[in-house]
>>> print(open('work-v3.cif').read())   # mmCIF, C-alpha atoms
data_query
loop_
_atom_site.label_atom_id
_atom_site.label_comp_id
_atom_site.auth_asym_id
_atom_site.auth_seq_id
_atom_site.Cartn_x
_atom_site.Cartn_y
_atom_site.Cartn_z
CA MET A 1 13.78 65.58 22.61
CA GLN A 2 13.59 67.31 19.23
CA LYS A 3 16.72 69.20 18.29
CA ARG A 4 16.53 72.79 17.06
CA ARG A 5 18.56 73.50 13.92
CA LEU A 6 20.49 76.71 13.54
CA PRO A 7 19.32 78.70 10.49
CA GLY A 8 21.48 78.69 7.40
CA ALA A 9 22.12 81.66 5.17
CA ARG A 10 18.75 81.30 3.40
CA GLY A 11 16.98 81.02 6.77
CA ILE A 12 18.68 84.15 8.06
CA ALA A 13 17.76 86.05 4.89
CA LEU A 14 14.14 84.93 5.22
CA SER A 15 14.05 85.97 8.88
CA ILE A 16 15.39 89.42 8.01
CA ALA A 17 12.81 89.79 5.23
CA LEU A 18 9.96 88.81 7.58
CA ALA A 19 11.18 91.15 10.29
CA THR A 20 11.46 93.98 7.77
CA GLY A 21 7.95 93.26 6.51
CA LEU A 22 6.49 93.19 10.00
CA ALA A 23 8.22 96.43 10.92
CA ALA A 24 6.63 98.05 7.89
CA LEU A 25 3.13 96.87 8.78
CA PRO A 26 2.23 99.78 11.08
CA VAL A 27 3.09 102.31 8.38
CA PHE A 28 1.07 100.32 5.83
CA ALA A 29 -1.86 100.02 8.21
CA GLN A 30 -1.84 103.73 8.95
CA ASP A 31 -2.05 104.51 5.23
CA LYS A 32 -5.43 102.78 5.18
CA PRO A 33 -8.58 104.58 6.33
CA PHE A 34 -10.18 103.40 9.58
CA LYS A 35 -13.72 102.38 8.67
CA ILE A 36 -16.74 102.35 10.97
CA GLY A 37 -19.79 100.51 9.60
CA LEU A 38 -22.82 102.22 11.16
CA ILE A 39 -25.97 100.15 10.65
CA LEU A 40 -29.17 101.94 11.66
CA PRO A 41 -32.91 102.06 10.94
CA MET A 42 -33.00 105.21 8.78
CA THR A 43 -36.49 104.46 7.46
CA GLY A 44 -39.51 102.71 8.97
CA GLN A 45 -40.98 102.77 12.48
CA GLN A 46 -37.60 103.30 14.22
CA ALA A 47 -36.33 105.95 11.79
CA THR A 48 -35.99 108.54 14.56
CA THR A 49 -33.43 106.24 16.21
CA GLY A 50 -31.28 106.21 13.09
CA ARG A 51 -31.59 109.93 12.58
CA GLN A 52 -30.50 110.70 16.14
CA ILE A 53 -27.53 108.32 16.21
CA GLU A 54 -26.22 109.29 12.77
CA ALA A 55 -26.46 113.00 13.67
CA ALA A 56 -24.62 112.42 16.95
CA ALA A 57 -21.88 110.37 15.30
CA LYS A 58 -21.31 113.05 12.69
CA LEU A 59 -21.30 115.75 15.39
CA TYR A 60 -18.60 113.88 17.32
CA MET A 61 -16.48 113.64 14.18
CA ALA A 62 -17.01 117.32 13.40
CA GLN A 63 -15.88 118.26 16.91
CA ASN A 64 -12.94 115.84 17.15
CA GLY A 65 -11.70 115.63 13.59
CA ASP A 66 -11.71 112.78 11.09
CA THR A 67 -8.09 111.74 11.62
CA VAL A 68 -7.09 109.74 14.69
CA ALA A 69 -3.58 108.43 15.38
CA GLY A 70 -2.67 109.04 11.75
CA ARG A 71 -5.73 107.17 10.39
CA LYS A 72 -8.42 108.85 8.33
CA VAL A 73 -11.78 107.85 9.84
CA GLN A 74 -14.61 106.97 7.48
CA LEU A 75 -18.23 106.51 8.55
CA LEU A 76 -20.17 104.10 6.34
CA VAL A 77 -23.90 104.44 7.13
CA ARG A 78 -26.32 101.70 6.09
CA ASP A 79 -30.12 101.53 6.51
CA ASP A 80 -31.42 98.17 7.77
CA THR A 81 -35.05 99.35 8.21
CA SER A 82 -35.04 97.42 11.53
CA LEU A 83 -35.11 94.07 9.71
CA PRO A 84 -32.61 91.66 11.34
CA ASP A 85 -31.98 89.68 8.14
CA MET A 86 -31.02 92.90 6.38
CA THR A 87 -28.85 93.94 9.33
CA ARG A 88 -26.91 90.68 9.10
CA ARG A 89 -26.50 90.98 5.32
CA LEU A 90 -25.33 94.60 5.55
CA ALA A 91 -22.90 93.72 8.34
CA GLN A 92 -21.43 90.89 6.27
CA GLU A 93 -20.98 93.19 3.28
CA LEU A 94 -19.31 95.81 5.45
CA VAL A 95 -16.90 93.28 6.95
CA VAL A 96 -16.09 91.28 3.81
CA ASN A 97 -16.29 93.88 1.03
CA ASP A 98 -15.64 97.19 2.80
CA LYS A 99 -13.30 95.69 5.40
CA VAL A 100 -14.59 97.86 8.23
CA ASN A 101 -12.61 97.94 11.47
CA VAL A 102 -15.65 98.39 13.71
CA LEU A 103 -19.37 97.69 13.38
CA ALA A 104 -21.75 100.00 15.25
CA GLY A 105 -25.33 101.21 15.61
CA MET A 106 -27.92 98.43 16.10
CA GLY A 107 -31.28 100.17 16.46
CA ILE A 108 -33.16 97.23 17.95
CA THR A 109 -32.27 94.04 19.83
CA PRO A 110 -33.05 91.54 17.02
CA SER A 111 -30.62 93.44 14.77
CA ALA A 112 -27.85 93.31 17.38
CA LEU A 113 -28.40 89.60 18.03
CA ALA A 114 -28.38 88.87 14.29
CA THR A 115 -25.00 90.61 13.92
CA ALA A 116 -23.29 89.25 17.04
CA PRO A 117 -22.17 85.88 15.51
CA LEU A 118 -20.54 87.73 12.60
CA ALA A 119 -18.69 90.00 15.04
CA THR A 120 -17.36 86.91 16.81
CA GLN A 121 -16.37 85.10 13.63
CA SER A 122 -14.58 88.10 12.11
CA LYS A 123 -13.23 89.41 15.43
CA THR A 124 -14.76 92.81 14.73
CA PRO A 125 -15.81 94.99 17.69
CA LEU A 126 -19.56 95.69 17.63
CA VAL A 127 -20.45 98.92 19.45
CA VAL A 128 -24.15 98.81 20.34
CA MET A 129 -25.43 102.38 20.53
CA SER A 130 -29.15 101.71 20.97
CA ALA A 131 -30.40 98.13 21.52
CA ALA A 132 -31.09 97.54 25.22
CA THR A 133 -31.84 93.89 26.02
CA SER A 134 -29.56 92.77 28.85
CA SER A 135 -28.27 89.63 27.10
CA ILE A 136 -26.86 91.35 24.01
CA THR A 137 -23.34 91.67 25.42
CA GLU A 138 -23.43 87.94 26.21
CA ALA A 139 -24.17 87.08 22.56
CA SER A 140 -20.59 87.84 21.50
CA PRO A 141 -17.33 88.65 23.32
CA TYR A 142 -16.85 91.45 20.76
CA VAL A 143 -19.95 93.44 21.77
CA VAL A 144 -19.47 96.72 23.67
CA ARG A 145 -22.55 98.74 24.66
CA THR A 146 -22.81 102.52 25.05
CA SER A 147 -26.60 102.81 25.35
CA PHE A 148 -28.32 101.24 28.39
CA THR A 149 -30.28 98.17 29.44
CA LEU A 150 -33.93 97.94 30.36
CA PRO A 151 -33.24 96.27 33.74
CA GLN A 152 -30.89 99.18 34.49
CA VAL A 153 -33.71 101.74 34.24
CA SER A 154 -36.71 99.60 35.27
CA VAL A 155 -35.55 98.62 38.76
CA PRO A 156 -35.11 102.23 40.02
CA LEU A 157 -38.60 103.09 38.79
CA ALA A 158 -40.08 100.17 40.73
CA ASP A 159 -38.34 101.44 43.86
CA TRP A 160 -39.74 104.93 43.28
CA ALA A 161 -43.27 103.58 42.71
CA SER A 162 -43.13 101.57 45.94
CA GLY A 163 -42.14 104.66 47.88
CA ASN A 164 -44.90 106.81 46.39
CA GLY A 165 -48.09 104.97 47.19
CA ILE A 166 -48.25 102.82 44.07
CA LYS A 167 -49.14 99.26 45.06
CA LYS A 168 -51.05 97.74 42.14
CA VAL A 169 -49.63 98.09 38.62
CA VAL A 170 -50.45 96.81 35.16
CA THR A 171 -47.43 96.51 32.86
CA LEU A 172 -47.66 97.22 29.12
CA VAL A 173 -44.58 96.41 27.01
CA SER A 174 -43.65 95.69 23.41
CA ASP A 175 -43.39 91.94 22.93
CA TYR A 176 -39.66 91.44 22.30
CA GLY A 177 -36.40 91.27 24.24
CA PRO A 178 -36.19 94.69 25.94
CA GLY A 179 -39.92 94.76 26.68
CA ILE A 180 -39.73 91.36 28.34
CA ASP A 181 -36.68 92.55 30.33
CA ALA A 182 -38.54 95.68 31.45
CA GLU A 183 -41.60 93.67 32.49
CA LYS A 184 -39.54 91.08 34.36
CA TYR A 185 -37.25 93.37 36.34
CA PHE A 186 -39.90 95.97 37.15
CA SER A 187 -42.31 93.28 38.33
CA GLN A 188 -39.73 91.43 40.41
CA ARG A 189 -38.61 94.60 42.19
CA LEU A 190 -42.16 95.86 42.78
CA SER A 191 -43.14 92.49 44.25
CA ALA A 192 -40.03 92.43 46.45
CA ASN A 193 -41.10 95.85 47.75
CA GLY A 194 -44.57 94.58 48.64
CA GLY A 195 -46.41 95.73 45.50
CA GLN A 196 -48.26 93.68 42.91
CA VAL A 197 -48.42 93.48 39.12
CA THR A 198 -52.04 92.56 38.55
CA GLU A 199 -51.72 92.02 34.79
CA ALA A 200 -48.86 91.88 32.28
CA LEU A 201 -49.79 92.98 28.76
CA ARG A 202 -47.55 92.52 25.71
CA VAL A 203 -48.13 94.41 22.45
CA PRO A 204 -46.82 93.25 19.04
CA LEU A 205 -43.68 95.09 17.97
CA ARG A 206 -44.82 95.56 14.39
CA SER A 207 -47.82 97.84 13.72
CA PRO A 208 -48.98 97.96 17.34
CA ASP A 209 -52.52 98.99 18.25
CA PHE A 210 -52.51 100.08 21.88
CA ALA A 211 -56.23 100.89 22.16
CA PRO A 212 -57.58 97.44 23.19
CA PHE A 213 -54.76 96.99 25.70
CA LEU A 214 -55.37 100.41 27.24
CA GLN A 215 -59.06 99.61 27.56
CA LYS A 216 -58.08 96.52 29.57
CA VAL A 217 -55.98 98.73 31.81
CA ARG A 218 -58.87 101.11 32.42
CA ASP A 219 -61.14 98.21 33.31
CA ALA A 220 -58.53 96.79 35.73
CA LYS A 221 -58.22 100.14 37.59
CA PRO A 222 -54.64 99.79 38.87
CA ASP A 223 -52.82 102.55 40.75
CA ALA A 224 -50.48 102.96 37.78
CA LEU A 225 -49.63 101.71 34.31
CA PHE A 226 -45.96 100.91 33.66
CA VAL A 227 -44.99 101.20 29.98
CA PHE A 228 -42.06 100.33 27.76
CA VAL A 229 -42.24 100.81 23.99
CA PRO A 230 -39.35 101.31 21.57
CA SER A 231 -38.37 104.59 19.98
CA GLY A 232 -41.00 105.80 17.54
CA ALA A 233 -44.04 104.34 19.32
CA SER A 234 -44.12 106.66 22.34
CA ALA A 235 -46.35 109.37 20.85
CA ALA A 236 -49.04 106.81 19.98
CA VAL A 237 -49.06 105.42 23.54
CA MET A 238 -49.36 108.86 25.09
CA LYS A 239 -52.12 109.91 22.68
CA GLN A 240 -54.22 106.82 23.29
CA PHE A 241 -53.63 106.92 27.06
CA LEU A 242 -55.20 110.36 27.10
CA GLU A 243 -57.98 109.51 24.62
CA ARG A 244 -59.02 106.53 26.72
CA GLY A 245 -59.24 108.76 29.79
CA LEU A 246 -56.91 106.68 31.95
CA GLY A 247 -55.43 109.74 33.64
CA LYS A 248 -58.90 111.09 34.49
CA ALA A 249 -59.74 107.67 35.92
CA GLY A 250 -56.90 108.11 38.44
CA ILE A 251 -54.44 105.75 36.76
CA ARG A 252 -50.89 107.15 36.79
CA LEU A 253 -48.61 106.65 33.83
CA ILE A 254 -45.04 105.68 34.76
CA ALA A 255 -42.51 104.51 32.21
CA THR A 256 -38.97 104.08 31.05
CA GLY A 257 -37.62 107.16 29.32
CA ASP A 258 -38.39 105.75 25.87
CA VAL A 259 -42.00 106.90 26.32
CA THR A 260 -41.13 110.58 26.84
CA GLU A 261 -38.41 110.92 24.24
CA ASP A 262 -36.84 114.37 24.29
CA ASP A 263 -37.23 115.00 20.58
CA GLN A 264 -40.95 114.12 20.58
CA LEU A 265 -41.99 115.50 23.95
CA ASN A 266 -43.23 118.92 22.83
CA ALA A 267 -45.50 117.31 20.23
CA MET A 268 -47.19 115.27 22.99
CA GLY A 269 -48.58 118.42 24.56
CA ASP A 270 -49.75 119.13 28.10
CA GLY A 271 -51.11 115.61 28.49
CA ALA A 272 -47.54 114.49 29.19
CA LEU A 273 -47.11 116.88 32.11
CA GLY A 274 -46.39 115.08 35.37
CA VAL A 275 -45.45 111.74 33.82
CA VAL A 276 -42.65 110.16 35.86
CA THR A 277 -39.98 108.16 34.07
CA SER A 278 -36.58 106.66 34.83
CA HIS A 279 -33.73 106.87 32.35
CA HIS A 280 -30.04 107.53 31.84
CA TYR A 281 -30.30 110.76 29.85
CA SER A 282 -32.37 113.91 29.54
CA ALA A 283 -31.76 116.89 27.32
CA ALA A 284 -32.43 118.89 30.49
CA HIS A 285 -29.54 117.28 32.39
CA PRO A 286 -27.98 120.33 34.06
CA SER A 287 -24.25 119.65 33.55
CA PRO A 288 -22.19 122.18 31.56
CA LEU A 289 -21.04 119.41 29.21
CA ASN A 290 -24.62 118.48 28.37
CA LYS A 291 -25.63 122.08 27.78
CA GLN A 292 -22.78 122.35 25.27
CA PHE A 293 -23.80 119.05 23.66
CA VAL A 294 -27.47 120.04 23.30
CA GLN A 295 -26.58 123.44 21.85
CA ALA A 296 -24.13 121.96 19.33
CA PHE A 297 -26.54 119.18 18.33
CA GLU A 298 -29.42 121.59 17.77
CA GLN A 299 -27.22 123.97 15.77
CA ALA A 300 -26.01 121.14 13.54
CA ASN A 301 -29.51 119.67 13.00
CA LYS A 302 -31.88 122.60 12.42
CA GLY A 303 -33.12 122.79 16.00
CA LEU A 304 -33.64 119.05 16.54
CA ARG A 305 -33.36 118.23 20.24
CA PRO A 306 -31.07 115.27 21.05
CA ASN A 307 -32.58 112.29 22.83
CA PHE A 308 -31.08 109.27 24.60
CA MET A 309 -30.30 107.61 21.27
CA ALA A 310 -28.10 110.56 20.34
CA VAL A 311 -26.02 110.29 23.50
CA GLY A 312 -25.56 106.55 22.88
CA GLY A 313 -24.19 107.33 19.42
CA TYR A 314 -22.05 110.23 20.60
CA ASP A 315 -20.46 108.22 23.41
CA GLY A 316 -20.07 105.22 21.11
CA MET A 317 -17.93 107.31 18.79
CA ARG A 318 -15.91 108.47 21.77
CA VAL A 319 -15.23 104.87 22.81
CA ILE A 320 -14.09 104.01 19.26
CA TYR A 321 -11.88 107.09 18.92
CA GLU A 322 -10.18 106.52 22.27
CA ALA A 323 -9.55 102.86 21.45
CA LEU A 324 -7.95 103.87 18.16
CA LYS A 325 -5.75 106.37 20.00
CA THR A 326 -4.72 103.75 22.57
CA THR A 327 -3.71 101.28 19.85
CA ARG A 328 -1.83 104.08 18.07
CA GLY A 329 -3.86 103.60 14.96
CA VAL A 330 -2.80 100.05 14.18
CA GLY A 331 -4.89 97.93 16.52
CA ASP A 332 -6.66 94.88 15.17
CA GLY A 333 -10.07 93.81 16.44
CA ASP A 334 -8.76 92.25 19.64
CA ALA A 335 -6.54 95.22 20.44
CA LEU A 336 -9.38 97.66 19.84
CA LEU A 337 -11.70 95.59 22.02
CA THR A 338 -9.16 95.55 24.85
CA ALA A 339 -8.81 99.33 24.57
CA MET A 340 -12.58 99.79 24.76
CA LYS A 341 -12.95 97.80 27.97
CA GLY A 342 -12.63 99.78 31.18
CA GLN A 343 -12.91 103.25 29.65
CA VAL A 344 -14.05 105.87 32.17
CA PHE A 345 -15.21 109.30 31.06
CA GLU A 346 -17.63 112.18 31.51
CA SER A 347 -20.55 112.00 29.10
CA PRO A 348 -23.32 114.51 28.44
CA ARG A 349 -25.44 112.10 30.53
CA GLY A 350 -23.00 112.17 33.47
CA PRO A 351 -20.11 109.90 34.55
CA VAL A 352 -19.94 106.56 32.71
CA SER A 353 -17.63 103.59 32.34
CA ILE A 354 -17.43 100.43 30.25
CA ASP A 355 -17.35 97.45 32.60
CA ALA A 356 -14.18 95.52 31.72
CA GLN A 357 -15.82 92.14 32.47
CA THR A 358 -19.29 92.54 30.93
CA ARG A 359 -18.44 95.20 28.30
CA ASP A 360 -21.67 96.91 29.33
CA ILE A 361 -22.12 100.52 30.34
CA VAL A 362 -22.20 101.61 33.99
CA GLN A 363 -24.00 104.92 34.49
CA ASN A 364 -26.32 107.07 36.57
CA VAL A 365 -30.05 106.49 36.30
CA TYR A 366 -32.27 109.52 36.84
CA LEU A 367 -35.87 109.82 37.96
CA ARG A 368 -37.56 112.57 35.96
CA LYS A 369 -40.91 114.33 35.71
CA VAL A 370 -42.25 116.04 32.60
CA GLU A 371 -42.41 119.77 33.31
CA ARG A 372 -42.70 122.95 31.31
CA VAL A 373 -39.47 124.96 31.28
CA ASP A 374 -39.20 128.24 29.35
CA GLY A 375 -42.30 127.32 27.39
CA GLN A 376 -41.12 123.84 26.39
CA LEU A 377 -41.64 120.35 27.81
CA TYR A 378 -38.62 118.61 29.34
CA ASN A 379 -37.83 115.53 31.42
CA VAL A 380 -36.68 117.32 34.57
CA GLU A 381 -34.50 115.19 36.85
CA PHE A 382 -35.44 115.09 40.53
CA ASP A 383 -33.40 112.14 41.83
CA VAL A 384 -30.39 110.07 40.81
CA ILE A 385 -29.11 106.55 41.48
CA GLU A 386 -25.39 106.65 40.81
CA GLY A 387 -23.17 104.11 39.08
CA VAL A 388 -25.85 101.59 38.12
CA LYS A 389 -24.64 98.32 36.61
CA ASP A 390 -26.99 96.14 34.59
CA PRO A 391 -29.04 94.15 37.14
CA GLY A 392 -29.41 91.44 34.51
CA LYS A 393 -25.74 90.56 35.01
CA SER A 394 -25.54 90.81 38.78
CA ARG A 395 -27.25 87.51 39.44
#
>>> encode(input="work-v3.cif", output="structure tokens")
Amino acid sequence: MQKRRLPGARGIALSIALATGLAALPVFAQDKPFKIGLILPMTGQQATTGRQIEAAAKLYMAQNGDTVAGRKVQLLVRDDTSLPDMTRRLAQELVVNDKVNVLAGMGITPSALATAPLATQSKTPLVVMSAATSSITEASPYVVRTSFTLPQVSVPLADWASGNGIKKVVTLVSDYGPGIDAEKYFSQRLSANGGQVTEALRVPLRSPDFAPFLQKVRDAKPDALFVFVPSGASAAVMKQFLERGLGKAGIRLIATGDVTEDDQLNAMGDGALGVVTSHHYSAAHPSPLNKQFVQAFEQANKGLRPNFMAVGGYDGMRVIYEALKTTRGVGDGDALLTAMKGQVFESPRGPVSIDAQTRDIVQNVYLRKVERVDGQLYNVEFDVIEGVKDPGKSR
């Protein structure tokens, strides 16, 4: 057995010096700003995503102050134009050069997946405010999500379709992670309920042309067309659906809420009326908290209506702020991550929590119909499925 030696005078002096230095660390750490690296698509096809999340993050800071637990909070916004290689490079620069405490944003799934290994390596929490493929939280133990997953909103819509006379469906999704998730989980649930997906169509993510796909749908004559496309492409789908006369041919359009985005809905016109979608947020959600959120967001952004991306960014900032409070301003990456897990709070979207095991969001999913309210188009909620976990992680 190895013997332990008692420290001599030099050892005692060294121990005192180390203890004194460690005791001073919290004060030193609190003198430093707390940096959040927010990487978003501010230009390009998904630019509306970046605009919404940045505006929501800045609104949260304006409402809650820029000092938390003695730390000055700095928001460092970077534009990745939805190119994963650029996302990874920007994330590395933010971690290595800017020494950010938290990475956040992630407009699309490929960007989140490109950043996840860096989050793991540097032990930096990555708060995903937009990207919605189920597997993202499994790509790194440092990922926390405040947006949603496509399985989470696709399964309830399949249940609604089955209960409302829709038996044969063609699916039309963007050909990447969340689209494949939406197709898979909608189809599986519809089939389990006795329905049938007669054809599954996938559209390229970059520069999509929906016209030939929609012509196939018209020729197939299903009861309904189920659609998922990412933020920024919804107006084109709606326009071409109407131009191709699918609605007049008796084909119903049902979709995840991405297709009837709140900020773009009025521009779609009356052709969107009656479209049924499932999602976790609507600007028309009737809670007092949401009414306050919508009013404040519109006032701060020249009348821009918040969409589901905005609430993901707003709640993401809340999760970061509360974690910083819990760690009293001096938490490292692991401490911040621990403080993010298990948070339970009231959001503008309704009650939410961060699952302590999966680090994914648990939330209500609403069935909505596009209606005209006070002269404007809104996604009006008519049913709710409470406390929905990601079905992609319940297997």
>>> resolve_selection(input="work-v3.cif", expression="the PyMOL selection byres ((chain A and resi 150) around 12)", output="NGL selection string")
:A and (109 or 130-136 or 147-149 or 151-157 or 173 or 176-186 or 227-230 or 255-258 or 278-280 or 365 or 388-393)
>>> resolve_selection(input="work-v3.cif", expression="the PyMOL selection byres ((chain A and resi 246) around 12)", output="ChimeraX atom specification")
/A:211,213-225,237-245,247-253,271
>>> atom_distance(input="work-v3.cif", atom1="atom CA of Lys99 of chain A", atom2="atom CA of Ala119 of chain A")
12.4 Å
>>> atom_distance(input="work-v3.cif", atom1="atom CA of Ala91 of chain A", atom2="atom CA of Val362 of chain A")
26.8 Å
>>> residues_around(input="work-v3.cif", residues="segment 368-374 of chain A", least_positions_apart="3", cutoff="12 Å", atoms="all atoms listed in the file", output="MDAnalysis selection string")
chainID A and resid 153 156:157 160 253:257 259:262 265:266 268:285 365 377:385
>>> resolve_selection(input="work-v3.cif", expression="the PyMOL selection byres ((chain A and resi 292-297) around 8)", output="PyMOL selection string")
chain A and resi 55-56+59+283+288-291+298-301+303-306+348
>>> closest_residue(input="work-v3.cif", among="A:Phe345, A:Phe308, A:Phe34, A:Phe226", to="Ala69 of chain A", atoms="only C-alpha atoms")
A:Phe34
>>> residues_around(input="work-v3.cif", residues="Met86 of chain A", least_positions_apart="2", cutoff="12 Å", atoms="only C-alpha atoms", output="list in words")
Ile39, Leu40, Pro41, Arg78, Asp79, Asp80, Thr81, Ser82, Leu83, Pro84, Arg88, Arg89, Leu90, Ala91, Gln92, Glu93, Met106, Pro110, Ser111, Ala112, Ala114 and Thr115 of chain A
>>> residues_around(input="work-v3.cif", residues="Ser347 of chain A", least_positions_apart="3", cutoff="9 Å", atoms="only C-alpha atoms", output="MDAnalysis selection string")
chainID A and resid 289:290 311 314:315 350:352
>>> write_last_selection(input="work-v3.cif", atoms="C-alpha atoms", output="PDB file, in the frame of the given file")
ATOM      1  CA  LEU A 289     -21.040 119.410  29.210  1.00  0.00           C
ATOM      2  CA  ASN A 290     -24.620 118.480  28.370  1.00  0.00           C
ATOM      3  CA  VAL A 311     -26.020 110.290  23.500  1.00  0.00           C
ATOM      4  CA  TYR A 314     -22.050 110.230  20.600  1.00  0.00           C
ATOM      5  CA  ASP A 315     -20.460 108.220  23.410  1.00  0.00           C
ATOM      6  CA  GLY A 350     -23.000 112.170  33.470  1.00  0.00           C
ATOM      7  CA  PRO A 351     -20.110 109.900  34.550  1.00  0.00           C
ATOM      8  CA  VAL A 352     -19.940 106.560  32.710  1.00  0.00           C
TER       9      VAL A 352
END
>>> atom_distance(input="work-v3.cif", atom1="atom CA of Ala267 of chain A", atom2="atom CA of Gln376 of chain A")
10.0 Å
>>> axis_aligned_box(input="work-v3.cif", around="segment 270-281 of chain A", padding_each_side="8 Å", output="AutoDock Vina command-line options")
--center_x -40.6 --center_y 112.9 --center_z 32.0 --size_x 37.1 --size_y 28.5 --size_z 23.8
>>> residues_around(input="work-v3.cif", residues="Thr120 of chain A", least_positions_apart="3", cutoff="7 Å", atoms="all atoms listed in the file", output="PyMOL selection string")
chain A and resi 116-117+123-124+140-142
>>> closest_residue(input="work-v3.cif", among="A:Ser353, A:Ile320, A:Val96, A:Gly387", to="Leu126 of chain A", atoms="only C-alpha atoms")
A:Ile320
>>> residues_around(input="work-v3.cif", residues="Asp98 of chain A", least_positions_apart="4", cutoff="12 Å", atoms="only C-alpha atoms", output="list in words")
Lys32, Pro33, Phe34, Lys35, Ile36, Gly37, Gln74, Leu75, Leu76, Val77, Leu90, Ala91, Gln92, Glu93, Leu94, Val102 and Leu103 of chain A
>>> decode(input="work-v3.cif", residues="segment 78-134 of chain A", atoms="C-alpha atoms", output="PDB file, in the first residue's frame")
ATOM      1  CA  ARG A  78     -23.785  35.086 -37.260  1.00  0.00           C
ATOM      2  CA  ASP A  79     -25.317  34.376 -40.692  1.00  0.00           C
ATOM      3  CA  ASP A  80     -24.677  30.853 -41.998  1.00  0.00           C
ATOM      4  CA  THR A  81     -26.981  31.201 -45.064  1.00  0.00           C
ATOM      5  CA  SER A  82     -28.215  27.653 -44.262  1.00  0.00           C
ATOM      6  CA  LEU A  83     -24.920  26.123 -45.438  1.00  0.00           C
ATOM      7  CA  PRO A  84     -23.783  23.443 -42.942  1.00  0.00           C
ATOM      8  CA  ASP A  85     -20.066  23.896 -43.704  1.00  0.00           C
ATOM      9  CA  MET A  86     -20.386  27.582 -42.897  1.00  0.00           C
ATOM     10  CA  THR A  87     -22.367  26.790 -39.742  1.00  0.00           C
ATOM     11  CA  ARG A  88     -19.577  24.534 -38.513  1.00  0.00           C
ATOM     12  CA  ARG A  89     -16.889  27.113 -39.318  1.00  0.00           C
ATOM     13  CA  LEU A  90     -18.797  29.918 -37.596  1.00  0.00           C
ATOM     14  CA  ALA A  91     -19.438  27.728 -34.557  1.00  0.00           C
ATOM     15  CA  GLN A  92     -15.734  26.895 -34.297  1.00  0.00           C
ATOM     16  CA  GLU A  93     -14.796  30.571 -34.506  1.00  0.00           C
ATOM     17  CA  LEU A  94     -17.340  31.451 -31.833  1.00  0.00           C
ATOM     18  CA  VAL A  95     -16.062  28.744 -29.480  1.00  0.00           C
ATOM     19  CA  VAL A  96     -12.320  29.161 -30.066  1.00  0.00           C
ATOM     20  CA  ASN A  97     -11.936  32.889 -30.765  1.00  0.00           C
ATOM     21  CA  ASP A  98     -14.966  34.470 -29.067  1.00  0.00           C
ATOM     22  CA  LYS A  99     -15.118  31.899 -26.263  1.00  0.00           C
ATOM     23  CA  VAL A 100     -18.905  31.766 -26.208  1.00  0.00           C
ATOM     24  CA  ASN A 101     -20.593  30.015 -23.287  1.00  0.00           C
ATOM     25  CA  VAL A 102     -23.544  28.738 -25.316  1.00  0.00           C
ATOM     26  CA  LEU A 103     -24.193  28.074 -29.010  1.00  0.00           C
ATOM     27  CA  ALA A 104     -27.761  28.547 -30.251  1.00  0.00           C
ATOM     28  CA  GLY A 105     -30.000  28.976 -33.290  1.00  0.00           C
ATOM     29  CA  MET A 106     -29.602  26.263 -35.969  1.00  0.00           C
ATOM     30  CA  GLY A 107     -32.088  27.125 -38.717  1.00  0.00           C
ATOM     31  CA  ILE A 108     -32.061  23.739 -40.432  1.00  0.00           C
ATOM     32  CA  THR A 109     -31.201  20.156 -39.478  1.00  0.00           C
ATOM     33  CA  PRO A 110     -27.955  19.844 -41.507  1.00  0.00           C
ATOM     34  CA  SER A 111     -26.613  22.921 -39.683  1.00  0.00           C
ATOM     35  CA  ALA A 112     -27.439  21.455 -36.272  1.00  0.00           C
ATOM     36  CA  LEU A 113     -25.884  18.098 -37.144  1.00  0.00           C
ATOM     37  CA  ALA A 114     -22.747  19.812 -38.461  1.00  0.00           C
ATOM     38  CA  THR A 115     -22.337  21.693 -35.164  1.00  0.00           C
ATOM     39  CA  ALA A 116     -23.165  18.859 -32.751  1.00  0.00           C
ATOM     40  CA  PRO A 117     -19.655  17.239 -32.722  1.00  0.00           C
ATOM     41  CA  LEU A 118     -18.095  20.612 -31.876  1.00  0.00           C
ATOM     42  CA  ALA A 119     -20.558  21.066 -29.005  1.00  0.00           C
ATOM     43  CA  THR A 120     -19.515  17.668 -27.657  1.00  0.00           C
ATOM     44  CA  GLN A 121     -15.795  18.272 -28.058  1.00  0.00           C
ATOM     45  CA  SER A 122     -15.864  21.712 -26.427  1.00  0.00           C
ATOM     46  CA  LYS A 123     -18.567  20.827 -23.872  1.00  0.00           C
ATOM     47  CA  THR A 124     -20.636  23.804 -25.015  1.00  0.00           C
ATOM     48  CA  PRO A 125     -24.443  23.619 -24.688  1.00  0.00           C
ATOM     49  CA  LEU A 126     -26.132  23.886 -28.098  1.00  0.00           C
ATOM     50  CA  VAL A 127     -29.680  25.241 -27.835  1.00  0.00           C
ATOM     51  CA  VAL A 128     -31.560  24.297 -31.012  1.00  0.00           C
ATOM     52  CA  MET A 129     -34.285  26.878 -31.588  1.00  0.00           C
ATOM     53  CA  SER A 130     -35.505  25.764 -35.017  1.00  0.00           C
ATOM     54  CA  ALA A 131     -34.204  22.504 -36.547  1.00  0.00           C
ATOM     55  CA  ALA A 132     -36.756  19.718 -36.072  1.00  0.00           C
ATOM     56  CA  THR A 133     -35.416  16.293 -37.064  1.00  0.00           C
ATOM     57  CA  SER A 134     -35.980  13.877 -34.191  1.00  0.00           C
TER      58      SER A 134
END
